[in-house]
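Let me begin by presenting the structure, written as structure tokens, before commenting on it.
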Number of protein chains: 2
Amino acid sequence: MIYMDNAAATRLDERIWEVMGPYFLDSYAVATSEFGHSMGLDAREALGNARTALAQKLGVTDKELVFTSGDTESSNMALKGVVRAQEKKGKHIVVSAIEDFPVLNSAKALERRGYKVTYLPVDADGMLNMEALKAALTKETVLVSVQQANQEIGTLQDLKAIGEIVHDAGALFHTDATHAFARVPTDYGRSPADLVTMSAHTIHGPKGVGGLLVKEGTPFSKWMDGGFQENNLRAGLENIPGIVGFAKAAELVTDEENERIRKMRDVLIDRLLSEVEDTMLNGHRTKRVPQNANVTFHYVEGESITLHLDMREIEVSTGSACFSRSLEASHVIMGIGGDHERAHGSIRYSLGRFNRIEEAQEVVEAMKDIVKRLREISPLKRGGK
Amino acid sequence: MIYMDNAAATRLDERIWEVMGPYFLDSYAVATSEFGHSMGLDAREALGNARTALAQKLGVTDKELVFTSGDTESSNMALKGVVRAQEKKGKHIVVSAIEDFPVLNSAKALERRGYKVTYLPVDADGMLNMEALKAALTKETVLVSVQQANQEIGTLQDLKAIGEIVHDAGALFHTDATHAFARVPTDYGRSPADLVTMSAHTIHGPKGVGGLLVKEGTPFSKWMDGGFQENNLRAGLENIPGIVGFAKAAELVTDEENERIRKMRDVLIDRLLSEVEDTMLNGHRTKRVPQNANVTFHYVEGESITLHLDMREIEVSTGSACFSRSLEASHVIMGIGGDHERAHGSIRYSLGRFNRIEEAQEVVEAMKDIVKRLREISPLKRGGK
């Protein structure tokens with residue numbers, strides 16, 4: 001089997017599994033237990049060590065790292081926590097049109113509650129329209145949420161440039177870094193983002209755990225109420241095994257690995273574009289995360305391609321990982337100027353630690369053959385032929 | 001080591017660890033992946049099977065069971081999801097004064113946002129004051145949240161009687177069943193509760209996963225926005241290993257086990273009350289979860305007891321598991337008519353699958369000795385002596 005689907009980058013590394021084990025089975029105490037409790041102290045120490053290691057890697061202080069149940073919670077908490085704390089200032093937020101669903105649908109939920117939301121356009125590569133950003137900002141704007149990397153086409157935004165404009169206008173800046181964090185090493189302490197969403201599963205860590213960076217001084221209203229965990233920013237029993245696994249996952253990502261993944265990805269992009277006719281790359285050619293390739297094969301259905309690849313034991317994705325209604329066209333492909341045909345003829349290859357260069361070569365060969373066969377029987381005729 | 005602290009009932013059962021393993025390491029695909037994807041289908045099947053097994057055990061339909069990251073999220077989602085959906089009806093909610101923090105602090109958060117909240121008193125055993133409930137309900141009341149079992153003193157409320165009163169008044173009924181679910185077998189399908197909070201960790205399942213039952217037809221506004229998972233009631237990548245572990249945890253709880261735990265608990269209560277002077281039971285003697293004993297030892301500090309027990313390798317709890325500010329008095333002990341001295345002199349024994357009857361006997365002997373010594377040096381003088 002060759003995995004280049006969403007799951008390729010989400011498979012748990014066995015080394016992470018091993019460090020999580022003891023916190024499931026042995027040091028099982030609740031980290032917030034009162035003092036006078038040896039096991040409670042062990043758990044608290046494990047939590048503290050994981051937090052320090054991850055915070056250091058990200059360039060922030062321990063207090064700025066809040067553990068959550070994943071990127072969906074992190075982004076909900078970021079958007080809803082900031083608007084609640086800034087209600088008196090204004091009720092306008094700004095997001096890009098190609099955000100992932102946790103941000104996009106949180107914005108839509110706020111819109112239904114009376115907030116004004118501006119959805120910013122992106123160019124053909126998926127890069128944010130900076131003039132539109134400047135034009136959108138008003139005194140009422142409390143938050144701008146623009147992702148670091150896109151979930152489908154991998155395009156990387158210029159956080160520094162966006163952050164400067166946002167801060168000049170007196171608003172706060174949230175970025176969904178789920179697909180960029182660790183794969184595109186970033187010093188979030190120096191980045192202008194006030195809030196940063198992350199998730200362990202995208203770097204071979206466990207599912208069900210993520211993080212939100214909340215920089216010191218950021219006006220923030222608690223979203224998940226209950227106990228006083230996570231510096232009183234997020235209630236809920238700490239998922240110690242998950243948090244320990246998250247820190248280990250970040251530790252295991254190296255520059256060398258990211259470079260190795262980038263090379264495999266480049267084989268896919270370069271060979272598919274040059275050896276298969278009527279193809280186009282979705283997303284920016286260079287400003288993109290190393291693990292993502294997204295290619296449109298005109299005149300064929302992506303679903304047909306995935307079925308044929310599956311028969312050859314090759315797994316890839318169409319559309320969005322979070323999107324079960326797969327017959328709806330991708331809002332990302334539409335956002336970069338695509339139409340329904342292009343959206344449905346796009347294949348996303350997600351690479352990870354467990355892929356090898358030979359797999360990339362094999363996938364290209366399979367694609368060439370499958371696309372050729374499908375086009376022979378395709379009802380989607382080519383314009384000029 | 002003898003564990004009778006919060007952790008006793010939360011230690012992961014190795015059999016659960018074993019069934020979770022494959023979903024971490026092998027069938028790693030995203031359950032919501034599009035069709036044409038073998039591994040995605042495996043994951044979806046595992047998710048479906050876990051949901052069906054757990055729903056059957058709880059007496060509800062698959063669609064009524066929503067998986068979450070734990071009881072804190074479930075209760076936030078229940079309270080905030082219902083009030084949002086009922087905004088036009090009214091802005092009054094009712095909770096008991098001894099609810100756990102996820103419910104209590106969600107209610108307080110809603111109060112700060114302009115909702116009217118009534119905090120209902122309980123009697124000396126922790127049983128809800130039903131007359132106060134009837135008196136509190138108005139046409140504006142949208143939700144009543146009363147726990148099935150208390151987190152500290154284990155008292156079980158009469159869900160049926162409460163539910164009838166609540167429904168007669170046209171309001172919805174949420175119950176936090178975190179500490180009762182499975183340990184007190186309940187057919188939630190027949191129970192009048194419209195929404196029920198649960199958590200896997202209280203029955204030796206994994207941390208970071210829980211559930212919320214949302215009965216069909218319950219007016220409910222989505223709280224966690226993003227993808228369309230969980231029947232479009234809760235967004236976020238499904239934590240398949242956690243969910244599979246949750247279902248297995250529920251499967252492993254048997255009536256025989258609950259009876260065995262109840263007997264150990266009765267040894268603790270009966271011997272401590274009869275063999276140690278100046279003690280009192282907190283919570284109802286019979287209407288209580290089988291795994292809980294909570295005893296006040298007058299004229300000693302609970303913290304001193306836990307420290308001395310810790311030196312003898314016995315772990316118990318004071319206060320609440322979710323409460324890191326352990327010097328604040330328990331709102332539960334205060335709620336049943338206690339004062340600060342009683343709150344700080346209370347010890348909670350939480351029993352689970354891994355406890356043995358010999359441990360209960362040993363703990364009683366240790367308590368007798370420690371309490372005697374502490375009272376000899378205690379500055380807290382007894383009234384008449």
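Lettering and numbering for the structure tokens are positional, with chains as A, B, ... in the shown order, residues counted from 1 in each chain, and ligands counted from 1 in the shown order.
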
Residue contacts of range 71-84 of chain A (6 Å, only C-alpha atoms) excluding same-chain residues fewer than 6 positions away, as a tab-separated table (two decimals) with N, CA and C atoms, in the first residue's frame:
```tsv
chain	number	residue	atom	x	y	z
A	102	PRO	N	-13.02	24.95	10.45
A	102	PRO	CA	-13.15	25.46	11.82
A	102	PRO	C	-13.17	27.00	11.87
A	103	VAL	N	-12.33	27.64	11.08
A	103	VAL	CA	-12.33	29.11	11.05
A	103	VAL	C	-13.52	29.62	10.25
A	106	SER	N	-16.83	28.96	12.03
A	106	SER	CA	-16.94	29.79	13.24
A	106	SER	C	-17.30	31.22	12.83
A	197	THR	N	-3.33	28.44	15.85
A	197	THR	CA	-3.96	27.11	15.97
A	197	THR	C	-3.02	26.02	15.48
A	198	MET	N	-2.96	24.92	16.22
A	198	MET	CA	-2.15	23.77	15.84
A	198	MET	C	-2.86	22.47	16.17
A	199	SER	N	-2.37	21.36	15.60
A	199	SER	CA	-2.94	20.06	15.91
A	199	SER	C	-1.85	19.01	15.82
A	210	GLY	N	-4.49	19.12	20.47
A	210	GLY	CA	-3.98	20.23	19.67
A	210	GLY	C	-3.57	21.34	20.60
A	212	LEU	N	-3.44	25.91	21.14
A	212	LEU	CA	-3.68	27.29	20.71
A	212	LEU	C	-2.66	28.16	21.42
A	220	PHE	N	-8.78	38.08	25.79
A	220	PHE	CA	-9.29	36.75	25.50
A	220	PHE	C	-10.30	36.35	26.55
A	221	SER	N	-11.45	35.88	26.09
A	221	SER	CA	-12.49	35.42	27.00
A	221	SER	C	-12.55	33.90	26.92
A	222	LYS	N	-12.50	33.25	28.06
A	222	LYS	CA	-12.49	31.79	28.12
A	222	LYS	C	-13.71	31.22	27.38
A	223	TRP	N	-13.48	30.21	26.57
A	223	TRP	CA	-14.58	29.65	25.78
A	223	TRP	C	-15.09	28.35	26.38
B	236	GLY	N	-14.96	18.45	14.18
B	236	GLY	CA	-13.65	18.05	14.65
B	236	GLY	C	-13.32	16.63	14.22
```

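By chain and then residue number, the residues within 7 Å of range 354-369 of chain A are Ile2, Met264, Val267, Leu268, Arg271, Leu272, Val276, Leu351, Lys372 and Arg373 of chain A, counting only C-alpha atoms and disregarding those fewer than 3 positions away in sequence.
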
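In this comparison, which uses only C-alpha atoms, the residue of B:Pro192, B:Pro22, B:Pro185, B:Gly154 approaching chain A most closely is B:Pro22.
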
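Coordinates place CA of Thr52 in chain B at a distance of 15.1 Å from CA of Gly242 in chain B.
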
For this session: DSSP on the backbone, then: every residue of range 33-240 of chain A marked alpha helix (DSSP H), written as a PyMOL selection string.
Result: chain A and resi 38-58+71-85+101-112+130-136+159-168+229-232+240

For this session: Give me every strand (DSSP E) residue in range 180-349 of chain A, going by DSSP on the backbone, as a ChimeraX atom specification.
Result: /A:195-199,210-214,279-281,292-297,314-315,346-349

Just want the 12 Å neighbourhood of Arg262 in chain A, counted on only C-alpha atoms, with same-chain residues fewer than 2 positions away dropped. Output as an mmCIF file with C-alpha atoms, in the first residue's frame.
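Writing the result to part01.cif gives the following:
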```cif
data_model
loop_
_atom_site.group_PDB
_atom_site.id
_atom_site.type_symbol
_atom_site.label_atom_id
_atom_site.label_comp_id
_atom_site.auth_asym_id
_atom_site.auth_seq_id
_atom_site.Cartn_x
_atom_site.Cartn_y
_atom_site.Cartn_z
ATOM 1 C CA ARG A 183 6.762 21.411 8.739
ATOM 2 C CA VAL A 184 7.567 25.077 8.055
ATOM 3 C CA ASP A 255 14.718 20.090 8.963
ATOM 4 C CA GLU A 256 16.231 17.075 7.193
ATOM 5 C CA GLU A 257 12.903 15.290 7.195
ATOM 6 C CA ASN A 258 11.084 18.327 5.873
ATOM 7 C CA GLU A 259 13.660 18.601 3.082
ATOM 8 C CA ARG A 260 13.295 14.904 2.227
ATOM 9 C CA MET A 264 9.414 13.690 -2.920
ATOM 10 C CA ARG A 265 6.721 16.303 -3.362
ATOM 11 C CA ASP A 266 8.734 17.981 -6.107
ATOM 12 C CA VAL A 267 9.039 14.682 -7.967
ATOM 13 C CA LEU A 268 5.248 14.435 -7.930
ATOM 14 C CA ILE A 269 4.633 18.001 -9.075
ATOM 15 C CA ASP A 270 7.372 18.175 -11.688
ATOM 16 C CA ARG A 285 4.725 26.559 -6.742
ATOM 17 C CA THR A 286 7.264 27.552 -4.076
ATOM 18 C CA LYS A 287 5.347 29.238 -1.255
ATOM 19 C CA ARG A 288 3.770 26.002 -0.111
ATOM 20 C CA VAL A 289 4.166 23.465 2.678
ATOM 21 C CA PRO A 290 6.652 20.700 1.800
ATOM 22 C CA GLN A 291 4.142 17.883 2.264
ATOM 23 C CA ASN A 292 1.488 19.010 -0.232
ATOM 24 C CA ALA A 293 0.953 18.539 -3.949
ATOM 25 C CA SER A 350 -0.225 14.533 1.242
ATOM 26 C CA LEU A 351 3.214 13.298 2.135
ATOM 27 C CA GLY A 352 4.680 12.364 5.470
ATOM 28 C CA ARG A 353 7.495 10.672 7.315
ATOM 29 C CA ASN A 355 6.694 7.910 2.380
ATOM 30 C CA ARG A 356 9.698 6.982 0.238
ATOM 31 C CA ILE A 357 10.922 8.503 -3.007
ATOM 32 C CA ALA A 360 6.431 9.064 -5.500
#
```

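In this model, the gap between CA of Lys134 in chain A and CA of Asp168 in chain A comes to 9.8 Å.
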
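In terms of minimum interatomic distance to His344 in chain B, B:Ile305 ranks closest within B:Ala200, B:Leu159, B:Ile305, B:Val244, counting only C-alpha atoms.
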
Problem set entry | Contact residues around Val371 in chain B with only C-alpha atoms at 12 Å, ignoring same-chain residues under 6 positions, as an NGL selection string | :B and (272 or 275-279 or 296-309 or 345-347 or 363-365 or 377-378)

Output for the residues just chosen: C-alpha atoms as a PDB file, in the first residue's frame:
```
ATOM      1  CA  LEU B 272     -14.856   4.599  59.395  1.00  0.00           C
ATOM      2  CA  GLU B 275     -14.483   2.998  64.489  1.00  0.00           C
ATOM      3  CA  VAL B 276     -13.331   6.610  64.216  1.00  0.00           C
ATOM      4  CA  GLU B 277     -14.853   9.169  66.574  1.00  0.00           C
ATOM      5  CA  ASP B 278     -16.251  12.471  65.385  1.00  0.00           C
ATOM      6  CA  THR B 279     -16.813  11.473  61.783  1.00  0.00           C
ATOM      7  CA  THR B 296     -15.513  14.285  57.338  1.00  0.00           C
ATOM      8  CA  PHE B 297     -13.003  13.810  60.166  1.00  0.00           C
ATOM      9  CA  HIS B 298     -13.661  16.646  62.536  1.00  0.00           C
ATOM     10  CA  TYR B 299     -10.751  18.557  64.118  1.00  0.00           C
ATOM     11  CA  VAL B 300      -8.201  17.537  61.461  1.00  0.00           C
ATOM     12  CA  GLU B 301      -7.141  19.021  58.139  1.00  0.00           C
ATOM     13  CA  GLY B 302      -7.820  16.869  55.087  1.00  0.00           C
ATOM     14  CA  GLU B 303      -4.497  18.002  53.617  1.00  0.00           C
ATOM     15  CA  SER B 304      -2.640  16.625  56.630  1.00  0.00           C
ATOM     16  CA  ILE B 305      -4.436  13.310  56.247  1.00  0.00           C
ATOM     17  CA  THR B 306      -3.554  13.018  52.563  1.00  0.00           C
ATOM     18  CA  LEU B 307       0.106  13.793  53.298  1.00  0.00           C
ATOM     19  CA  HIS B 308       0.283  11.133  55.983  1.00  0.00           C
ATOM     20  CA  LEU B 309      -1.543   8.601  53.815  1.00  0.00           C
ATOM     21  CA  GLY B 345     -11.653  17.936  57.025  1.00  0.00           C
ATOM     22  CA  SER B 346     -13.311  15.804  54.354  1.00  0.00           C
ATOM     23  CA  ILE B 347     -11.702  12.908  52.548  1.00  0.00           C
ATOM     24  CA  VAL B 363      -7.142   2.042  54.507  1.00  0.00           C
ATOM     25  CA  VAL B 364      -9.495   1.944  57.507  1.00  0.00           C
ATOM     26  CA  GLU B 365      -6.652   0.848  59.792  1.00  0.00           C
ATOM     27  CA  ILE B 377      -1.313  17.543  67.848  1.00  0.00           C
ATOM     28  CA  SER B 378      -4.261  19.381  66.286  1.00  0.00           C
TER      29      SER B 378
END
```

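Picture a line from CA of Ile93 in chain A to CA of Val117 in chain A; it runs 5.0 Å.
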
Find the residues near Pro206 in chain B: any atom within 8 Å, counting only C-alpha atoms, skip ones fewer than 4 places away on the same chain, and give them as a PDB file with N, CA and C atoms, in the first residue's frame.
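Contents of part-v3.pdb, as written:
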```pdb
ATOM      1  N   PHE A  24      -0.742   6.596  29.851  1.00  0.00           N
ATOM      2  CA  PHE A  24      -2.042   5.927  29.850  1.00  0.00           C
ATOM      3  C   PHE A  24      -2.112   4.976  31.044  1.00  0.00           C
TER       4      PHE A  24
ATOM      5  N   LEU B  12      -6.517   3.679  33.078  1.00  0.00           N
ATOM      6  CA  LEU B  12      -6.905   2.965  31.862  1.00  0.00           C
ATOM      7  C   LEU B  12      -6.726   1.464  32.058  1.00  0.00           C
ATOM      8  N   ALA B 200     -15.315   9.151  29.227  1.00  0.00           N
ATOM      9  CA  ALA B 200     -14.757   7.796  29.232  1.00  0.00           C
ATOM     10  C   ALA B 200     -13.841   7.544  30.429  1.00  0.00           C
ATOM     11  N   HIS B 201     -13.151   8.590  30.891  1.00  0.00           N
ATOM     12  CA  HIS B 201     -12.089   8.358  31.877  1.00  0.00           C
ATOM     13  C   HIS B 201     -12.623   7.888  33.226  1.00  0.00           C
ATOM     14  N   GLY B 242      -9.702   6.856  20.710  1.00  0.00           N
ATOM     15  CA  GLY B 242     -10.386   7.245  21.942  1.00  0.00           C
ATOM     16  C   GLY B 242     -11.819   6.768  21.975  1.00  0.00           C
ATOM     17  N   GLY B 245     -11.956   3.091  22.442  1.00  0.00           N
ATOM     18  CA  GLY B 245     -11.641   2.826  23.847  1.00  0.00           C
ATOM     19  C   GLY B 245     -12.809   3.130  24.770  1.00  0.00           C
ATOM     20  N   PHE B 246     -13.547   4.187  24.455  1.00  0.00           N
ATOM     21  CA  PHE B 246     -14.719   4.579  25.254  1.00  0.00           C
ATOM     22  C   PHE B 246     -15.770   3.467  25.213  1.00  0.00           C
TER      23      PHE B 246
END
```

Seminar exercise, completed: One residue among A:Ile203, A:Leu195, A:Ala132, A:Ile314 is nearest to chain B when using only C-alpha atoms, and that residue is A:Ile314
